[in-house]
Amino acid sequence: MSSRTRISPAKHDPNELSRREFLKAMGTVAGVSLLGMTGGSLLTGCAAPASAPANVSVQLSWIKNVEFVGFYAADIKGYYKDEKLTVDLAGGGPGVVAGQLVDARQKDIGVQLAAIDLIKSNAQGGKLVTFATLFQRSPAGLMYIAKHKDGRPGTVIDSPQKAKGKRIGLQPGAMLAWRVICQKAGLNMDKDMQIVPVSFDPAPLIDGTIDGYWCFATNQPGILRAQGYEVGVLDASQWGYTMYGGFLTCHQDYLKENKDVLVRFTRATIKGWVYANSHFDEMTKYVVDTFGKQLNLQYNQQLDEAKAQADYLISDLTKSKGLFWLEQKNWSDTMQMLVEQKELDKPLDVNTFVTTAILEEVYKQGKSTVGQ
């Protein structure tokens with residue numbers, strides 16, 4: 001994908017979220033100067049030349065679909081070019097682990113979904129650092145069918161207690177999240193319900209093999225809705241599994257050597273997401289036209305996902321400080337949860353792998369400089 005590519009403006013869609021409406025939802029106020037925590041020792045000795053042209057390789061966590069639409073917008077709308085950056089966005093998929101590639105210095109920046117993976121990697125000697133967060137809460141949850149497409153009622157599981165006696169479909173990576181949710185609700189995951197191993201295909205929910213299916217809440221529900229099902233999602237964050245998702249990482253050495261590049265990349269990427277989330281129709285058409293044939297992407301499902309994920313970018317923190325902002329406390333809480341679940345021997349020093357220094361620089365002149 002080249003930064004020289006351009007999209008002609010789409011005709012106005014009455015369902016399109018205007019830029020003003022998106023910014024209003026974010027609660028932004030132009031011109032606010034922002035201060036935050038320092039990056040501490042992570043940036044000691046960094047001295048990259050300001051505004052020098054640079055090539056940046058980015059490993060996405062999944063295939064090139066609408067999940068990463070803000071990155072595409074930053075490219076095709078020229079925001080990366082304005083920052084003198086040539087950005088290569090590599091699609092992911094099964095077996096592609098962004099954090100591993102970044103830690104091995106095979107990619108400069110990674111988009112990671114699971115905070116647990118970063119923490120465990122660093123506990124085993126990895127050198128990953130997170131410097132920005134796309135999704136302010138994990139876009140995961142337990143999907144259920146409220147009504148079948150033929151009108152039959154489904155099995156509603158809108159609280160952990162309603163999972164008792166039910167068949168719950170989980171992928172291996174979802175076991176910890178569901179266990180935490182069950183424990184907080186006073187349930188025993190192993191005794192109060194039947195756990196059924198599933199893949200990333202929600203077909204077992206459709207054919208009745210399971211009653212609840214662990215999903216990426218912005219993705220699989222839209223697939224079923226497009227088929228005529230009425231579905232609901234038990235939100236993982238609402239029920240106690242609170243952690244970031246879709247965060248940006250790099251190697252500690254890359255951070256020290258390329259602070260200016262990271263600032264420019266983050267600034268352009270934020271502008272891309274502001275644009276994408278106020279031009280759903282235009283950017284969804286771009287994704288489907290560019291990647292759809294190869295990846296079998298459907299416009300209606302992709303549009304549904306684009307709109308659904310926009311809400312995950314917004315929190316009280318981003319309304320105050322701006323998109324992509326993060327807090328060290330969230331990471332500390334995640335580590336404490338892992339210790340309690342005996343997934344981690346002891347917490348790591350959060351200052352060694354979380355920095356707000358890049359965001360502080362991006363927002364030094366206020367949110368209006370990045371379109372908010």
# chains A, B, ... in the order shown; residues from 1 in each chain; ligands from 1
$ residues_around --residues "Lys120 (chain A)" --least-positions-apart "6" --cutoff "9 Å" --atoms "only C-alpha atoms" --output "list in words"
Gly126, Glu343 and Leu344 of chain A
$ write_last_selection --atoms "C-alpha atoms" --output "PDB file, in the first residue's frame"
ATOM      1  CA  GLY A 126      11.716  -9.934  26.445  1.00  0.00           C
ATOM      2  CA  GLU A 343       0.198 -16.934  35.748  1.00  0.00           C
ATOM      3  CA  LEU A 344       3.012 -14.670  36.957  1.00  0.00           C
TER       4      LEU A 344
END
$ closest_atom_pairs --of "region 130-149 of chain A" --to "region 308-323 of chain A" --cutoff "10 Å" --atoms "only C-alpha atoms" --output "CSV"
residue,atom,partner,partner_atom,distance
A:Ala132,CA,A:Leu323,CA,8.9
A:Thr133,CA,A:Leu323,CA,8.1
A:Leu134,CA,A:Leu313,CA,5.8
A:Phe135,CA,A:Leu313,CA,4.8
A:Gln136,CA,A:Leu313,CA,5.6
A:Arg137,CA,A:Tyr312,CA,6.3
A:Ser138,CA,A:Tyr312,CA,8.0
A:Pro139,CA,A:Tyr312,CA,7.0
$ atom_distance --atom1 "CA of Gln298 (chain A)" --atom2 "CA of Ile270 (chain A)"
25.7 Å
$ select_by_dssp --residues "region 100-306 of chain A" --states "helix (DSSP H, G or I)" --output "VMD selection string"
chain A and resid 100 to 103 115 to 123 160 to 163 172 to 184 203 to 206 220 to 226 252 to 257 259 to 276 280 to 295 299 to 306
$ residues_around --residues "Lys329 (chain A)" --least-positions-apart "6" --cutoff "12 Å" --atoms "only C-alpha atoms" --output "ChimeraX atom specification"
/A:37,242-244,335-336,349-351,354-355
$ write_last_selection --atoms "C-alpha atoms" --output "compact mmCIF listing (two decimals), in the first residue's frame"
# COMPACT_ATOMS: atom_id res chain seq x y z
CA MET A 37 3.91 10.78 33.44
CA THR A 242 -10.19 -5.00 32.56
CA MET A 243 -7.16 -4.50 30.38
CA TYR A 244 -6.05 -2.71 27.26
CA MET A 335 -0.05 -7.82 36.45
CA GLN A 336 -1.70 -8.18 39.85
CA ASP A 349 8.41 -2.94 37.28
CA VAL A 350 5.80 -1.20 35.13
CA ASN A 351 8.27 1.60 34.35
CA VAL A 354 5.20 1.24 29.80
CA THR A 355 5.96 4.81 28.75
$ closest_residue --among "A:Ser237, A:Ser51, A:Thr334, A:Thr284" --to "Asn300 (chain A)" --atoms "only C-alpha atoms"
A:Thr284
$ select_by_dssp --residues "region 68-185 of chain A" --states "strand (DSSP E or B)" --output "VMD selection string"
chain A and resid 85 to 90 109 to 112 128 to 135 140 to 147 153 167 to 170
$ closest_residue --among "A:Thr269, A:Leu205, A:Asp88, A:Pro160" --to "Asn188 (chain A)" --atoms "only C-alpha atoms"
A:Pro160
$ closest_residue --among "A:Glu67, A:Gly165, A:Gln171, A:Ile206" --to "Leu187 (chain A)" --atoms "only C-alpha atoms"
A:Gly165
$ closest_residue --among "A:Gly272, A:Gly246, A:Pro197, A:Gly240" --to "Gly99 (chain A)" --atoms "only C-alpha atoms"
A:Gly246
$ closest_residue --among "A:Leu89, A:Met283, A:Ala306, A:Val339" --to "Ala73 (chain A)" --atoms "only C-alpha atoms"
A:Met283
$ closest_residue --among "A:Thr155, A:Ser278, A:Thr352, A:Thr130" --to "Leu113 (chain A)" --atoms "only C-alpha atoms"
A:Thr130
$ atom_distance --atom1 "CA of Val233 (chain A)" --atom2 "CA of Ala217 (chain A)"
6.9 Å
$ atom_distance --atom1 "CA of Tyr241 (chain A)" --atom2 "CA of Val196 (chain A)"
20.3 Å
$ decode --residues "region 219-267 of chain A" --atoms "C-alpha atoms" --output "mmCIF file, in the first residue's frame"
data_model
loop_
_atom_site.group_PDB
_atom_site.id
_atom_site.type_symbol
_atom_site.label_atom_id
_atom_site.label_comp_id
_atom_site.auth_asym_id
_atom_site.auth_seq_id
_atom_site.Cartn_x
_atom_site.Cartn_y
_atom_site.Cartn_z
ATOM 1 C CA ASN A 219 -16.052 -8.789 14.683
ATOM 2 C CA GLN A 220 -17.952 -12.082 14.991
ATOM 3 C CA PRO A 221 -21.226 -10.520 16.232
ATOM 4 C CA GLY A 222 -21.404 -8.565 12.986
ATOM 5 C CA ILE A 223 -20.962 -11.776 11.007
ATOM 6 C CA LEU A 224 -24.012 -13.295 12.677
ATOM 7 C CA ARG A 225 -26.058 -10.107 12.461
ATOM 8 C CA ALA A 226 -25.407 -10.037 8.720
ATOM 9 C CA GLN A 227 -26.939 -13.537 8.551
ATOM 10 C CA GLY A 228 -30.110 -12.388 10.291
ATOM 11 C CA TYR A 229 -29.383 -13.387 13.902
ATOM 12 C CA GLU A 230 -30.031 -11.106 16.864
ATOM 13 C CA VAL A 231 -27.022 -11.409 19.134
ATOM 14 C CA GLY A 232 -25.737 -9.963 22.378
ATOM 15 C CA VAL A 233 -22.314 -9.849 23.993
ATOM 16 C CA LEU A 234 -21.415 -10.145 27.652
ATOM 17 C CA ASP A 235 -18.717 -7.461 27.841
ATOM 18 C CA ALA A 236 -15.514 -8.786 29.425
ATOM 19 C CA SER A 237 -14.487 -5.400 30.772
ATOM 20 C CA GLN A 238 -17.864 -4.777 32.401
ATOM 21 C CA TRP A 239 -17.592 -8.051 34.303
ATOM 22 C CA GLY A 240 -14.089 -7.640 35.668
ATOM 23 C CA TYR A 241 -11.612 -8.490 32.933
ATOM 24 C CA THR A 242 -10.185 -4.999 32.559
ATOM 25 C CA MET A 243 -7.157 -4.497 30.382
ATOM 26 C CA TYR A 244 -6.050 -2.707 27.264
ATOM 27 C CA GLY A 245 -6.283 -4.133 23.746
ATOM 28 C CA GLY A 246 -4.793 -3.169 20.397
ATOM 29 C CA PHE A 247 -1.814 -1.394 21.950
ATOM 30 C CA LEU A 248 1.367 -0.346 20.140
ATOM 31 C CA THR A 249 4.710 -1.854 21.118
ATOM 32 C CA CYS A 250 8.335 -1.591 20.109
ATOM 33 C CA HIS A 251 11.671 -2.899 21.351
ATOM 34 C CA GLN A 252 13.334 -0.976 24.185
ATOM 35 C CA ASP A 253 16.335 -0.278 21.979
ATOM 36 C CA TYR A 254 14.136 1.024 19.175
ATOM 37 C CA LEU A 255 12.503 3.410 21.638
ATOM 38 C CA LYS A 256 15.870 4.743 22.760
ATOM 39 C CA GLU A 257 17.148 5.129 19.205
ATOM 40 C CA ASN A 258 14.016 6.407 17.463
ATOM 41 C CA LYS A 259 11.939 8.553 19.787
ATOM 42 C CA ASP A 260 11.332 11.160 17.092
ATOM 43 C CA VAL A 261 10.187 8.512 14.612
ATOM 44 C CA LEU A 262 7.757 7.070 17.160
ATOM 45 C CA VAL A 263 6.346 10.518 17.921
ATOM 46 C CA ARG A 264 5.796 11.232 14.234
ATOM 47 C CA PHE A 265 4.320 7.793 13.592
ATOM 48 C CA THR A 266 1.943 8.055 16.540
ATOM 49 C CA ARG A 267 0.872 11.579 15.621
#
